[in-house]
$ cat run_14.txt   # compact mmCIF, C-alpha atoms and all ligand atoms
# COMPACT_ATOMS: atom_id res chain seq x y z
CA MET Q 1 110.22 87.95 97.21
CA ALA Q 2 106.65 88.22 98.54
CA TRP Q 3 105.54 91.33 100.43
CA LEU Q 4 102.08 90.11 101.42
CA ASN Q 5 100.17 91.61 104.30
CA ARG Q 6 103.04 93.56 105.82
CA SER Q 7 102.94 96.88 107.57
CA LEU Q 8 105.38 99.68 106.75
CA ILE Q 9 106.31 101.56 109.93
CA GLU Q 10 109.86 102.73 109.25
CA THR Q 11 112.52 102.69 106.55
CA ARG Q 12 115.35 102.04 108.98
CA LYS Q 13 114.79 98.30 108.72
CA LEU Q 14 114.12 98.14 104.97
CA GLY Q 15 116.82 96.37 102.97
CA GLU Q 16 118.03 97.25 99.48
CA GLN Q 17 116.09 94.39 97.89
CA GLU Q 18 112.82 95.41 99.51
CA ILE Q 19 113.25 99.03 98.48
CA ARG Q 20 114.13 97.93 94.95
CA GLN Q 21 110.97 95.80 94.92
CA VAL Q 22 108.79 98.85 95.70
CA LEU Q 23 110.55 100.96 93.06
CA LYS Q 24 110.20 98.23 90.45
CA ARG Q 25 106.49 97.84 91.12
CA ALA Q 26 106.11 101.65 91.04
CA GLY Q 27 107.81 101.74 87.64
CA GLU Q 28 105.45 99.06 86.29
CA LEU Q 29 102.37 100.80 87.66
CA LYS Q 30 103.45 104.22 86.41
CA LYS Q 31 103.85 102.81 82.90
CA LEU Q 32 100.48 101.11 83.13
CA TRP Q 33 98.81 104.28 84.49
CA ARG Q 34 100.35 106.51 81.81
CA GLY Q 35 99.37 104.14 79.00
CA TRP Q 36 95.82 103.48 80.25
CA ARG Q 37 93.05 104.91 78.06
CA GLY Q 38 90.09 102.67 78.92
CA THR Q 39 87.23 103.01 81.36
CA GLU Q 40 88.50 100.63 84.04
CA PHE Q 41 92.13 100.55 85.17
CA PRO Q 42 93.56 97.15 84.18
CA HIS Q 43 95.16 96.35 87.55
CA LEU Q 44 92.45 96.35 90.21
CA SER Q 45 94.49 94.49 92.82
CA LEU Q 46 92.61 96.20 95.69
CA ARG Q 47 89.10 95.56 94.34
CA GLY Q 48 86.79 94.72 97.25
CA ARG Q 49 89.31 96.00 99.78
CA THR Q 50 88.77 98.89 102.19
CA VAL Q 51 91.51 101.32 103.11
CA VAL Q 52 91.05 103.57 106.16
CA ASN Q 53 92.86 106.92 106.24
CA LEU Q 54 93.22 108.09 109.83
CA PHE Q 55 95.09 111.39 109.91
CA PHE Q 56 95.53 113.14 113.26
CA GLU Q 57 97.63 115.85 111.61
CA ALA Q 58 96.91 118.04 108.60
CA SER Q 59 97.92 116.72 105.18
CA THR Q 60 97.34 117.60 101.56
CA ARG Q 61 99.74 115.39 99.56
CA THR Q 62 99.93 112.23 101.66
CA ARG Q 63 96.25 111.82 102.48
CA SER Q 64 95.07 112.68 98.97
CA SER Q 65 97.62 110.43 97.31
CA PHE Q 66 96.77 107.45 99.51
CA GLU Q 67 93.12 107.95 98.62
CA LEU Q 68 93.79 108.32 94.90
CA ALA Q 69 96.18 105.37 94.92
CA ALA Q 70 93.70 103.09 96.69
CA ARG Q 71 90.84 104.14 94.38
CA ARG Q 72 92.93 103.65 91.23
CA LEU Q 73 93.54 100.06 92.36
CA GLY Q 74 89.83 99.50 93.01
CA ALA Q 75 89.57 99.90 96.81
CA HIS Q 76 86.93 101.66 98.88
CA VAL Q 77 88.37 104.43 101.02
CA LEU Q 78 87.16 105.64 104.40
CA ASN Q 79 88.58 108.96 105.56
CA LEU Q 80 88.03 109.39 109.28
CA HIS Q 81 88.58 112.95 110.46
CA PRO Q 82 89.56 112.84 114.16
CA GLU Q 83 88.27 116.37 114.75
CA ALA Q 84 84.78 115.18 113.77
CA SER Q 85 85.01 111.79 115.51
CA SER Q 86 84.60 110.46 119.05
CA VAL Q 87 88.25 111.33 119.65
CA THR Q 88 86.81 114.74 120.59
CA LYS Q 89 84.83 112.96 123.36
CA GLY Q 90 87.98 111.42 124.79
CA GLU Q 91 88.18 108.12 122.88
CA THR Q 92 91.78 106.96 122.77
CA LEU Q 93 93.80 106.19 119.65
CA PHE Q 94 93.83 102.50 120.56
CA ASP Q 95 90.05 102.34 121.02
CA THR Q 96 89.47 104.32 117.84
CA ALA Q 97 91.66 101.89 115.91
CA ARG Q 98 90.15 98.78 117.52
CA ASN Q 99 86.63 99.99 116.66
CA LEU Q 100 87.60 100.76 113.09
CA GLU Q 101 89.20 97.32 112.77
CA ALA Q 102 85.95 95.73 113.99
CA MET Q 103 84.34 97.04 110.78
CA ASP Q 104 86.61 94.76 108.70
CA PRO Q 105 88.80 97.15 106.73
CA ASP Q 106 91.92 95.70 105.09
CA LEU Q 107 94.50 98.42 105.72
CA LEU Q 108 95.00 101.39 108.04
CA VAL Q 109 97.00 104.45 106.98
CA LEU Q 110 97.93 106.48 110.05
CA ARG Q 111 99.42 109.93 110.55
CA HIS Q 112 99.96 110.97 114.15
CA ALA Q 113 101.89 113.63 116.04
CA SER Q 114 103.33 111.01 118.41
CA ALA Q 115 106.46 109.21 117.30
CA GLY Q 116 105.81 105.49 117.67
CA ALA Q 117 101.99 105.62 117.36
CA PRO Q 118 101.89 103.42 114.18
CA TYR Q 119 104.30 100.94 115.79
CA GLN Q 120 102.16 100.71 118.93
CA LEU Q 121 99.01 100.12 116.86
CA SER Q 122 100.76 97.49 114.76
CA LYS Q 123 101.20 95.48 117.98
CA ILE Q 124 97.45 95.33 118.68
CA LEU Q 125 95.83 95.26 115.22
CA LYS Q 126 95.71 92.32 112.84
CA ILE Q 127 95.47 94.39 109.66
CA PRO Q 128 98.56 96.00 108.10
CA ILE Q 129 99.39 99.63 108.92
CA ILE Q 130 101.23 102.15 106.81
CA ASN Q 131 102.91 104.98 108.68
CA ALA Q 132 101.97 108.24 106.93
CA GLY Q 133 104.23 110.26 109.27
CA ASP Q 134 104.64 110.00 113.06
CA GLY Q 135 105.94 112.98 114.99
CA PHE Q 136 109.54 113.56 114.06
CA HIS Q 137 110.26 109.86 113.80
CA GLU Q 138 109.66 108.70 110.19
CA HIS Q 139 107.71 109.29 106.98
CA PRO Q 140 108.58 106.14 105.03
CA THR Q 141 106.42 106.60 101.93
CA GLN Q 142 107.84 110.12 101.47
CA ALA Q 143 111.37 108.69 101.38
CA LEU Q 144 110.33 106.02 98.87
CA LEU Q 145 108.67 108.55 96.55
CA ASP Q 146 111.72 110.82 96.88
CA LEU Q 147 114.02 107.95 95.95
CA PHE Q 148 111.82 107.03 92.98
CA THR Q 149 111.92 110.68 91.81
CA ILE Q 150 115.71 110.85 92.23
CA GLU Q 151 116.21 107.67 90.21
CA GLU Q 152 113.89 108.93 87.46
CA ALA Q 153 115.97 112.12 87.18
CA LYS Q 154 119.47 110.74 87.79
CA GLY Q 155 119.30 107.05 86.82
CA SER Q 156 120.47 105.67 90.15
CA ALA Q 157 120.91 106.95 93.69
CA LYS Q 158 124.13 104.99 94.10
CA GLY Q 159 127.12 107.30 94.46
CA LEU Q 160 125.07 110.52 94.36
CA ASN Q 161 125.78 113.37 96.76
CA VAL Q 162 122.49 114.27 98.42
CA LEU Q 163 122.25 117.36 100.63
CA ILE Q 164 119.28 117.74 102.99
CA VAL Q 165 118.84 121.36 104.08
CA GLY Q 166 116.97 122.81 107.02
CA ASP Q 167 115.27 121.61 110.14
CA ILE Q 168 116.92 118.19 110.36
CA ALA Q 169 116.27 117.86 114.10
CA HIS Q 170 112.47 117.95 113.76
CA SER Q 171 112.14 116.28 110.37
CA ARG Q 172 110.71 112.79 109.90
CA VAL Q 173 111.30 113.29 106.17
CA ALA Q 174 115.04 113.81 106.74
CA ARG Q 175 115.31 110.74 108.95
CA SER Q 176 113.52 108.42 106.51
CA ASN Q 177 115.49 109.81 103.58
CA ILE Q 178 118.84 109.40 105.33
CA TYR Q 179 118.11 105.73 106.06
CA THR Q 180 116.72 104.95 102.60
CA LEU Q 181 119.30 106.85 100.56
CA ARG Q 182 122.22 105.38 102.51
CA THR Q 183 120.82 101.88 102.03
CA MET Q 184 120.73 102.57 98.28
CA GLY Q 185 124.35 103.75 98.21
CA ALA Q 186 123.99 107.55 98.18
CA ARG Q 187 126.27 109.85 100.19
CA VAL Q 188 123.98 111.97 102.35
CA SER Q 189 125.01 115.26 104.01
CA VAL Q 190 122.95 117.78 105.95
CA CYS Q 191 123.01 121.58 106.17
CA GLY Q 192 121.32 124.16 108.39
CA PRO Q 193 121.66 126.20 111.55
CA PRO Q 194 123.43 124.37 114.41
CA SER Q 195 120.26 124.71 116.51
CA LEU Q 196 118.31 122.62 113.98
CA MET Q 197 120.84 119.80 113.74
CA PRO Q 198 120.21 116.68 115.82
CA PRO Q 199 122.92 116.39 118.51
CA LEU Q 200 124.16 113.11 117.03
CA ALA Q 201 123.70 113.82 113.31
CA ARG Q 202 126.71 111.67 112.42
CA GLU Q 203 125.16 108.70 114.22
CA LEU Q 204 122.32 108.84 111.69
CA GLY Q 205 125.00 108.08 109.10
CA VAL Q 206 125.40 111.48 107.42
CA ALA Q 207 128.71 112.11 105.66
CA GLU Q 208 129.09 115.84 106.41
CA VAL Q 209 127.33 118.51 108.44
CA PHE Q 210 127.37 121.95 106.76
CA HIS Q 211 126.28 125.26 108.23
CA ASP Q 212 127.02 127.24 105.07
CA LEU Q 213 124.46 126.64 102.31
CA ARG Q 214 126.74 127.66 99.42
CA LYS Q 215 129.46 125.25 100.56
CA GLY Q 216 126.92 122.49 101.07
CA ILE Q 217 125.23 122.72 97.69
CA ALA Q 218 128.42 123.17 95.64
CA ASP Q 219 129.00 119.44 95.26
CA ALA Q 220 125.41 118.18 95.57
CA ASP Q 221 123.62 116.22 92.85
CA VAL Q 222 120.37 116.43 94.79
CA VAL Q 223 119.34 119.26 97.14
CA MET Q 224 116.40 118.43 99.34
CA MET Q 225 114.96 121.51 101.05
CA LEU Q 226 112.88 121.01 104.20
CA ARG Q 227 110.07 123.05 105.61
CA VAL Q 228 110.79 124.98 108.80
CA GLN Q 229 108.44 123.20 111.19
CA LEU Q 230 107.56 125.88 113.69
CA GLU Q 231 104.77 123.70 115.07
CA ARG Q 232 107.31 121.10 116.30
CA GLN Q 233 109.61 123.60 118.01
CA ASN Q 234 109.01 124.71 121.60
CA GLN Q 235 110.59 128.01 120.75
CA MET Q 236 112.05 129.55 117.62
CA GLN Q 237 115.52 128.02 117.12
CA PHE Q 238 116.90 130.94 115.07
CA PRO Q 239 116.57 134.74 115.34
CA SER Q 240 113.82 135.26 112.72
CA LEU Q 241 112.37 133.78 109.52
CA GLY Q 242 114.12 136.60 107.65
CA GLU Q 243 117.51 135.50 108.98
CA TYR Q 244 116.72 131.87 108.24
CA SER Q 245 115.86 132.75 104.68
CA ARG Q 246 118.99 134.85 104.26
CA PHE Q 247 121.40 132.14 105.42
CA TRP Q 248 119.66 128.87 104.53
CA GLY Q 249 117.05 129.75 101.93
CA LEU Q 250 117.37 128.68 98.31
CA ASN Q 251 116.69 131.63 96.02
CA ALA Q 252 117.76 133.07 92.67
CA ASP Q 253 121.09 134.08 94.18
CA THR Q 254 122.06 130.94 96.15
CA VAL Q 255 120.89 128.64 93.35
CA GLN Q 256 123.84 129.97 91.30
CA SER Q 257 126.15 127.78 93.42
CA LEU Q 258 124.40 124.59 92.24
CA LYS Q 259 126.16 122.07 90.06
CA LYS Q 260 124.91 121.69 86.48
CA GLY Q 261 122.36 118.88 86.35
CA ALA Q 262 121.53 119.05 90.05
CA ILE Q 263 117.91 118.68 91.09
CA ILE Q 264 115.96 120.50 93.81
CA MET Q 265 113.37 118.68 95.91
CA HIS Q 266 110.96 119.65 98.67
CA PRO Q 267 108.41 117.35 100.35
CA GLY Q 268 105.89 120.18 100.77
CA PRO Q 269 104.16 122.15 102.01
CA LEU Q 270 106.46 125.03 101.04
CA ASN Q 271 107.10 128.07 103.17
CA GLU Q 272 107.60 130.22 100.10
CA GLY Q 273 110.22 132.89 100.66
CA VAL Q 274 111.56 131.15 103.78
CA GLU Q 275 113.40 127.94 102.84
CA ILE Q 276 112.76 128.31 99.10
CA SER Q 277 111.69 131.13 96.79
CA GLN Q 278 108.75 130.71 94.45
CA GLU Q 279 110.94 131.15 91.36
CA VAL Q 280 113.33 128.38 92.45
CA ALA Q 281 110.46 126.06 93.43
CA SER Q 282 108.98 126.37 89.96
CA GLY Q 283 112.31 126.79 88.13
CA PRO Q 284 114.27 124.44 85.89
CA TYR Q 285 116.11 122.54 88.68
CA SER Q 286 112.92 121.75 90.56
CA VAL Q 287 111.32 118.27 90.54
CA ILE Q 288 108.86 119.16 93.32
CA LEU Q 289 105.70 118.41 91.33
CA ASN Q 290 107.26 115.18 90.03
CA GLN Q 291 107.54 114.18 93.70
CA VAL Q 292 103.84 114.87 94.16
CA ASN Q 293 102.92 112.88 91.05
CA ASN Q 294 105.14 110.00 92.15
CA GLY Q 295 103.54 110.09 95.60
CA VAL Q 296 100.41 108.50 94.15
CA ILE Q 297 102.44 105.95 92.19
CA ILE Q 298 104.59 104.87 95.16
CA ARG Q 299 101.53 104.47 97.38
CA MET Q 300 99.86 102.42 94.65
CA ALA Q 301 102.99 100.24 94.49
CA LEU Q 302 103.13 99.72 98.23
CA MET Q 303 99.44 98.84 98.64
CA ASP Q 304 99.67 96.62 95.55
CA LEU Q 305 102.59 94.74 97.11
CA ILE Q 306 100.76 94.37 100.42
CA PHE Q 307 97.74 92.76 98.74
CA ASP Q 308 99.23 91.30 95.58
CA GLY Q 309 102.90 90.95 96.47
CA GLY Q 310 103.81 87.87 94.53
CA SER Q 311 102.58 88.78 91.06
CA LYS Q 312 103.47 91.22 88.31
CA ALA Q 313 101.49 94.44 87.76
CA GLY Q 314 99.26 94.24 84.72
CA GLY Q 315 96.35 91.87 85.30
CA ASP Q 316 93.03 92.32 87.06
CA ARG Q 317 93.27 90.26 90.24
CA ARG Q 318 90.04 90.44 92.19
CA ARG Q 319 89.54 89.61 95.83
CA GLY Q 320 88.88 85.92 95.88
N1 LIG V 1 104.94 115.73 102.21
C1 LIG V 1 103.88 115.67 103.03
O1 LIG V 1 103.81 114.85 103.94
O2 LIG V 1 102.90 116.59 102.72
P1 LIG V 1 101.48 116.65 103.47
O3 LIG V 1 101.75 117.06 104.89
O4 LIG V 1 100.68 117.66 102.70
O5 LIG V 1 100.89 115.28 103.42

$ encode --input "run_14.txt" --output "structure tokens"
Amino acid sequence: MAWLNRSLIETRKLGEQEIRQVLKRAGELKKLWRGWRGTEFPHLSLRGRTVVNLFFEASTRTRSSFELAARRLGAHVLNLHPEASSVTKGETLFDTARNLEAMDPDLLVLRHASAGAPYQLSKILKIPIINAGDGFHEHPTQALLDLFTIEEAKGSAKGLNVLIVGDIAHSRVARSNIYTLRTMGARVSVCGPPSLMPPLARELGVAEVFHDLRKGIADADVVMMLRVQLERQNQMQFPSLGEYSRFWGLNADTVQSLKKGAIIMHPGPLNEGVEISQEVASGPYSVILNQVNNGVIIRMALMDLIFDGGSKAGGDRRRG
């Protein structure tokens, strides 16, 4: 199946075969990357290409990993910082994107606070767009790297009980993970304060809605903790961060209720001591830094498929 020149805006419409294709390519590239000892990476499928990172919201992991991924595959990378661009003079998102496209880049990676911004741009631009997170809509590459990390740790996502804990209502990570994990056959439940649950959580396809963390994690193979996103709430949706931590935080005490062999994930950035304690985040159940490492690999795989979708990872395919 070819994946040439296609945008990735949301996971909701990705089928099992397409997701499997990304994971397979990621596995090939990870092996190649780990085994590479030479001076030039042997799979420069983006050589001569230009990737533009346009991030209207702060990012450490996503922006850096897109840049590293593109460079590893041989691309040039332009990072446009909106706060130092003509956006500050009133230029619109559409005009900014149209002007960037006029400079002949090959791919736009967009993070924006408005849900739907990448979709709207995909209607007016000719180049592919990857959604690097839009409002509380979706964060598709995060869900793909999470799935890749789960399958590395547990073999397959099929049949696993996955519990997503925290601010489900404001989380693009939760939404993309629910869609992706369900497509791959996992049973996904959510847990958190009632005020942070979307009104129609069940319509997203979740199996159970828990409000008690210990009950929720007791049967989970994967526990995905989410950051409390105070910046996306009009007002605090729970009495205090202390109360949040007491009832829904994963710490040395609550982690005792975990099943043997369970894994703990977090997309980052962490609010240490709020949704997760430092000792749990760096403890034996945690695969959080594996997620970060796999973030580069998954973004390599996706960009590789966009520009080199029909062939196998391993050869040096230059822009022709
Ligand atoms: N997981 C994630 O999106 O992290 P950043 O905001 O640092 O990119």

$ closest_residue --input "run_14.txt" --among "Q:Leu44, Q:Val165, Q:Ala157, Q:Ile288" --to "Gly216 of chain Q" --atoms "all atoms listed in the file"
Q:Val165

$ residues_near_point --input "run_14.txt" --point "(93.0, 107.1, 93.4)" --cutoff "12 Å" --atoms "all atoms listed in the file" --output "ChimeraX atom specification"
/Q:33,41,44,46,51,62-77,293,295-300,303

$ residues_near_ligand --input "run_14.txt" --ligand "ligand LIG 1 (chain V)" --cutoff "7 Å" --atoms "only C-alpha atoms and all ligand atoms" --output "tab-separated table (two decimals) with C-alpha atoms, in the coordinates of the input"
chain	number	residue	atom	x	y	z
Q	58	ALA	CA	96.91	118.04	108.60
Q	59	SER	CA	97.92	116.72	105.18
Q	60	THR	CA	97.34	117.60	101.56
Q	61	ARG	CA	99.74	115.39	99.56
Q	62	THR	CA	99.93	112.23	101.66
Q	63	ARG	CA	96.25	111.82	102.48
Q	142	GLN	CA	107.84	110.12	101.47
Q	267	PRO	CA	108.41	117.35	100.35
Q	268	GLY	CA	105.89	120.18	100.77
Q	269	PRO	CA	104.16	122.15	102.01

$ closest_atom_pairs --input "run_14.txt" --of "segment 63-162 of chain Q" --to "segment 198-210 of chain Q" --cutoff "12 Å" --atoms "all atoms listed in the file" --output "tab-separated table"
residue	atom	partner	partner_atom	distance
Q:Phe136	CA	Q:Pro198	CA	11.3
Q:Leu160	CA	Q:Ala207	CA	12.0
Q:Asn161	CA	Q:Ala207	CA	9.5
Q:Val162	CA	Q:Ala207	CA	9.8

$ residues_around --input "run_14.txt" --residues "Gly15 of chain Q" --least-positions-apart "2" --cutoff "10 Å" --atoms "all atoms listed in the file" --output "list in words"
Thr11, Arg12, Lys13, Gln17, Glu18, Ile19, Arg20, Gln21, Tyr179, Thr180, Thr183 and Met184 of chain Q

$ closest_residue --input "run_14.txt" --among "Q:Gly35, Q:Gly159, Q:Pro284, Q:Gly90" --to "Ala262 of chain Q" --atoms "only C-alpha atoms"
Q:Pro284

$ closest_residue --input "run_14.txt" --among "Q:Leu226, Q:Met236, Q:Leu213, Q:Thr149" --to "Trp248 of chain Q" --atoms "only C-alpha atoms"
Q:Leu213

$ residues_around --input "run_14.txt" --residues "Asn251 of chain Q" --least-positions-apart "6" --cutoff "8 Å" --atoms "only C-alpha atoms" --output "PDB file with C-alpha atoms, in the frame of the given file"
ATOM      1  CA  ILE Q 276     112.760 128.310  99.100  1.00  0.00           C
ATOM      2  CA  SER Q 277     111.690 131.130  96.790  1.00  0.00           C
ATOM      3  CA  GLU Q 279     110.940 131.150  91.360  1.00  0.00           C
ATOM      4  CA  VAL Q 280     113.330 128.380  92.450  1.00  0.00           C
TER       5      VAL Q 280
END

$ atom_distance --input "run_14.txt" --atom1 "atom CA of Ile129 of chain Q" --atom2 "atom CA of Glu152 of chain Q"
27.5 Å

$ closest_residue --input "run_14.txt" --among "Q:Gln237, Q:Thr254, Q:Ser86, Q:Ser45" --to "Ala301 of chain Q" --atoms "all atoms listed in the file"
Q:Ser45

$ atom_distance --input "run_14.txt" --atom1 "atom CA of Ser257 of chain Q" --atom2 "atom CA of Ala218 of chain Q"
5.6 Å

$ atom_distance --input "run_14.txt" --atom1 "atom CA of Leu258 of chain Q" --atom2 "atom CA of Ser245 of chain Q"
17.2 Å

$ closest_residue --input "run_14.txt" --among "Q:Ala26, Q:Arg187, Q:Gly155, Q:Leu125" --to "Asn294 of chain Q" --atoms "all atoms listed in the file"
Q:Ala26

$ residues_around --input "run_14.txt" --residues "Phe94 of chain Q" --least-positions-apart "2" --cutoff "10 Å" --atoms "only C-alpha atoms" --output "JSON, numbers by chain"
{"Q": [91, 92, 96, 97, 98, 99, 100, 117, 120, 121, 124, 125]}

$ residues_near_point --input "run_14.txt" --point "(107.2, 137.2, 102.6)" --cutoff "10 Å" --atoms "all atoms listed in the file" --output "PyMOL selection string"
chain Q and resi 241-242+245+271-274+277

$ build_atoms --input "run_14.txt" --residues "segment 66-95 of chain Q" --atoms "N, CA and C atoms" --output "compact mmCIF listing (two decimals), in the coordinates of the input"
# COMPACT_ATOMS: atom_id res chain seq x y z
N PHE Q 66 97.19 108.79 99.08
CA PHE Q 66 96.77 107.45 99.51
C PHE Q 66 95.36 107.16 99.01
N GLU Q 67 94.50 108.16 99.08
CA GLU Q 67 93.12 107.95 98.62
C GLU Q 67 93.09 107.69 97.11
N LEU Q 68 93.78 108.52 96.35
CA LEU Q 68 93.79 108.32 94.90
C LEU Q 68 94.40 106.97 94.54
N ALA Q 69 95.50 106.63 95.21
CA ALA Q 69 96.18 105.37 94.92
C ALA Q 69 95.26 104.18 95.18
N ALA Q 70 94.59 104.21 96.33
CA ALA Q 70 93.70 103.09 96.69
C ALA Q 70 92.54 103.00 95.70
N ARG Q 71 91.97 104.15 95.33
CA ARG Q 71 90.84 104.14 94.38
C ARG Q 71 91.27 103.67 93.00
N ARG Q 72 92.46 104.10 92.55
CA ARG Q 72 92.93 103.65 91.23
C ARG Q 72 93.04 102.13 91.17
N LEU Q 73 93.38 101.52 92.33
CA LEU Q 73 93.54 100.06 92.36
C LEU Q 73 92.24 99.36 92.72
N GLY Q 74 91.15 100.12 92.85
CA GLY Q 74 89.83 99.50 93.01
C GLY Q 74 89.30 99.43 94.42
N ALA Q 75 90.01 100.02 95.41
CA ALA Q 75 89.57 99.90 96.81
C ALA Q 75 88.50 100.93 97.16
N HIS Q 76 87.77 100.64 98.23
CA HIS Q 76 86.93 101.66 98.88
C HIS Q 76 87.82 102.39 99.88
N VAL Q 77 87.55 103.66 100.08
CA VAL Q 77 88.37 104.43 101.02
C VAL Q 77 87.47 105.11 102.05
N LEU Q 78 87.84 104.93 103.32
CA LEU Q 78 87.16 105.64 104.40
C LEU Q 78 88.14 106.65 104.98
N ASN Q 79 87.76 107.92 104.94
CA ASN Q 79 88.58 108.96 105.56
C ASN Q 79 87.93 109.35 106.88
N LEU Q 80 88.59 108.99 107.99
CA LEU Q 80 88.03 109.39 109.28
C LEU Q 80 88.75 110.66 109.75
N HIS Q 81 87.98 111.69 110.02
CA HIS Q 81 88.58 112.95 110.46
C HIS Q 81 88.49 113.02 111.98
N PRO Q 82 89.60 112.88 112.68
CA PRO Q 82 89.56 112.84 114.16
C PRO Q 82 88.82 114.02 114.77
N GLU Q 83 88.91 115.20 114.14
CA GLU Q 83 88.27 116.37 114.75
C GLU Q 83 86.74 116.27 114.68
N ALA Q 84 86.23 115.36 113.85
CA ALA Q 84 84.78 115.18 113.77
C ALA Q 84 84.40 113.78 114.25
N SER Q 85 85.27 113.16 115.05
CA SER Q 85 85.01 111.79 115.51
C SER Q 85 84.89 111.77 117.03
N SER Q 86 84.73 110.58 117.59
CA SER Q 86 84.60 110.46 119.05
C SER Q 86 85.92 110.65 119.78
N VAL Q 87 86.99 110.90 119.02
CA VAL Q 87 88.25 111.33 119.65
C VAL Q 87 87.99 112.62 120.44
N THR Q 88 87.12 113.46 119.91
CA THR Q 88 86.81 114.74 120.59
C THR Q 88 86.08 114.51 121.92
N LYS Q 89 85.52 113.26 122.09
CA LYS Q 89 84.83 112.96 123.36
C LYS Q 89 85.75 112.20 124.30
N GLY Q 90 87.01 112.06 123.90
CA GLY Q 90 87.98 111.42 124.79
C GLY Q 90 88.35 110.00 124.39
N GLU Q 91 87.82 109.48 123.29
CA GLU Q 91 88.18 108.12 122.88
C GLU Q 91 89.67 108.08 122.53
N THR Q 92 90.33 107.03 122.98
CA THR Q 92 91.78 106.96 122.77
C THR Q 92 92.09 106.51 121.34
N LEU Q 93 93.35 106.68 120.96
CA LEU Q 93 93.80 106.19 119.65
C LEU Q 93 93.59 104.69 119.54
N PHE Q 94 93.96 103.96 120.60
CA PHE Q 94 93.83 102.50 120.56
C PHE Q 94 92.37 102.09 120.39
N ASP Q 95 91.47 102.71 121.14
CA ASP Q 95 90.05 102.34 121.02
C ASP Q 95 89.50 102.73 119.66
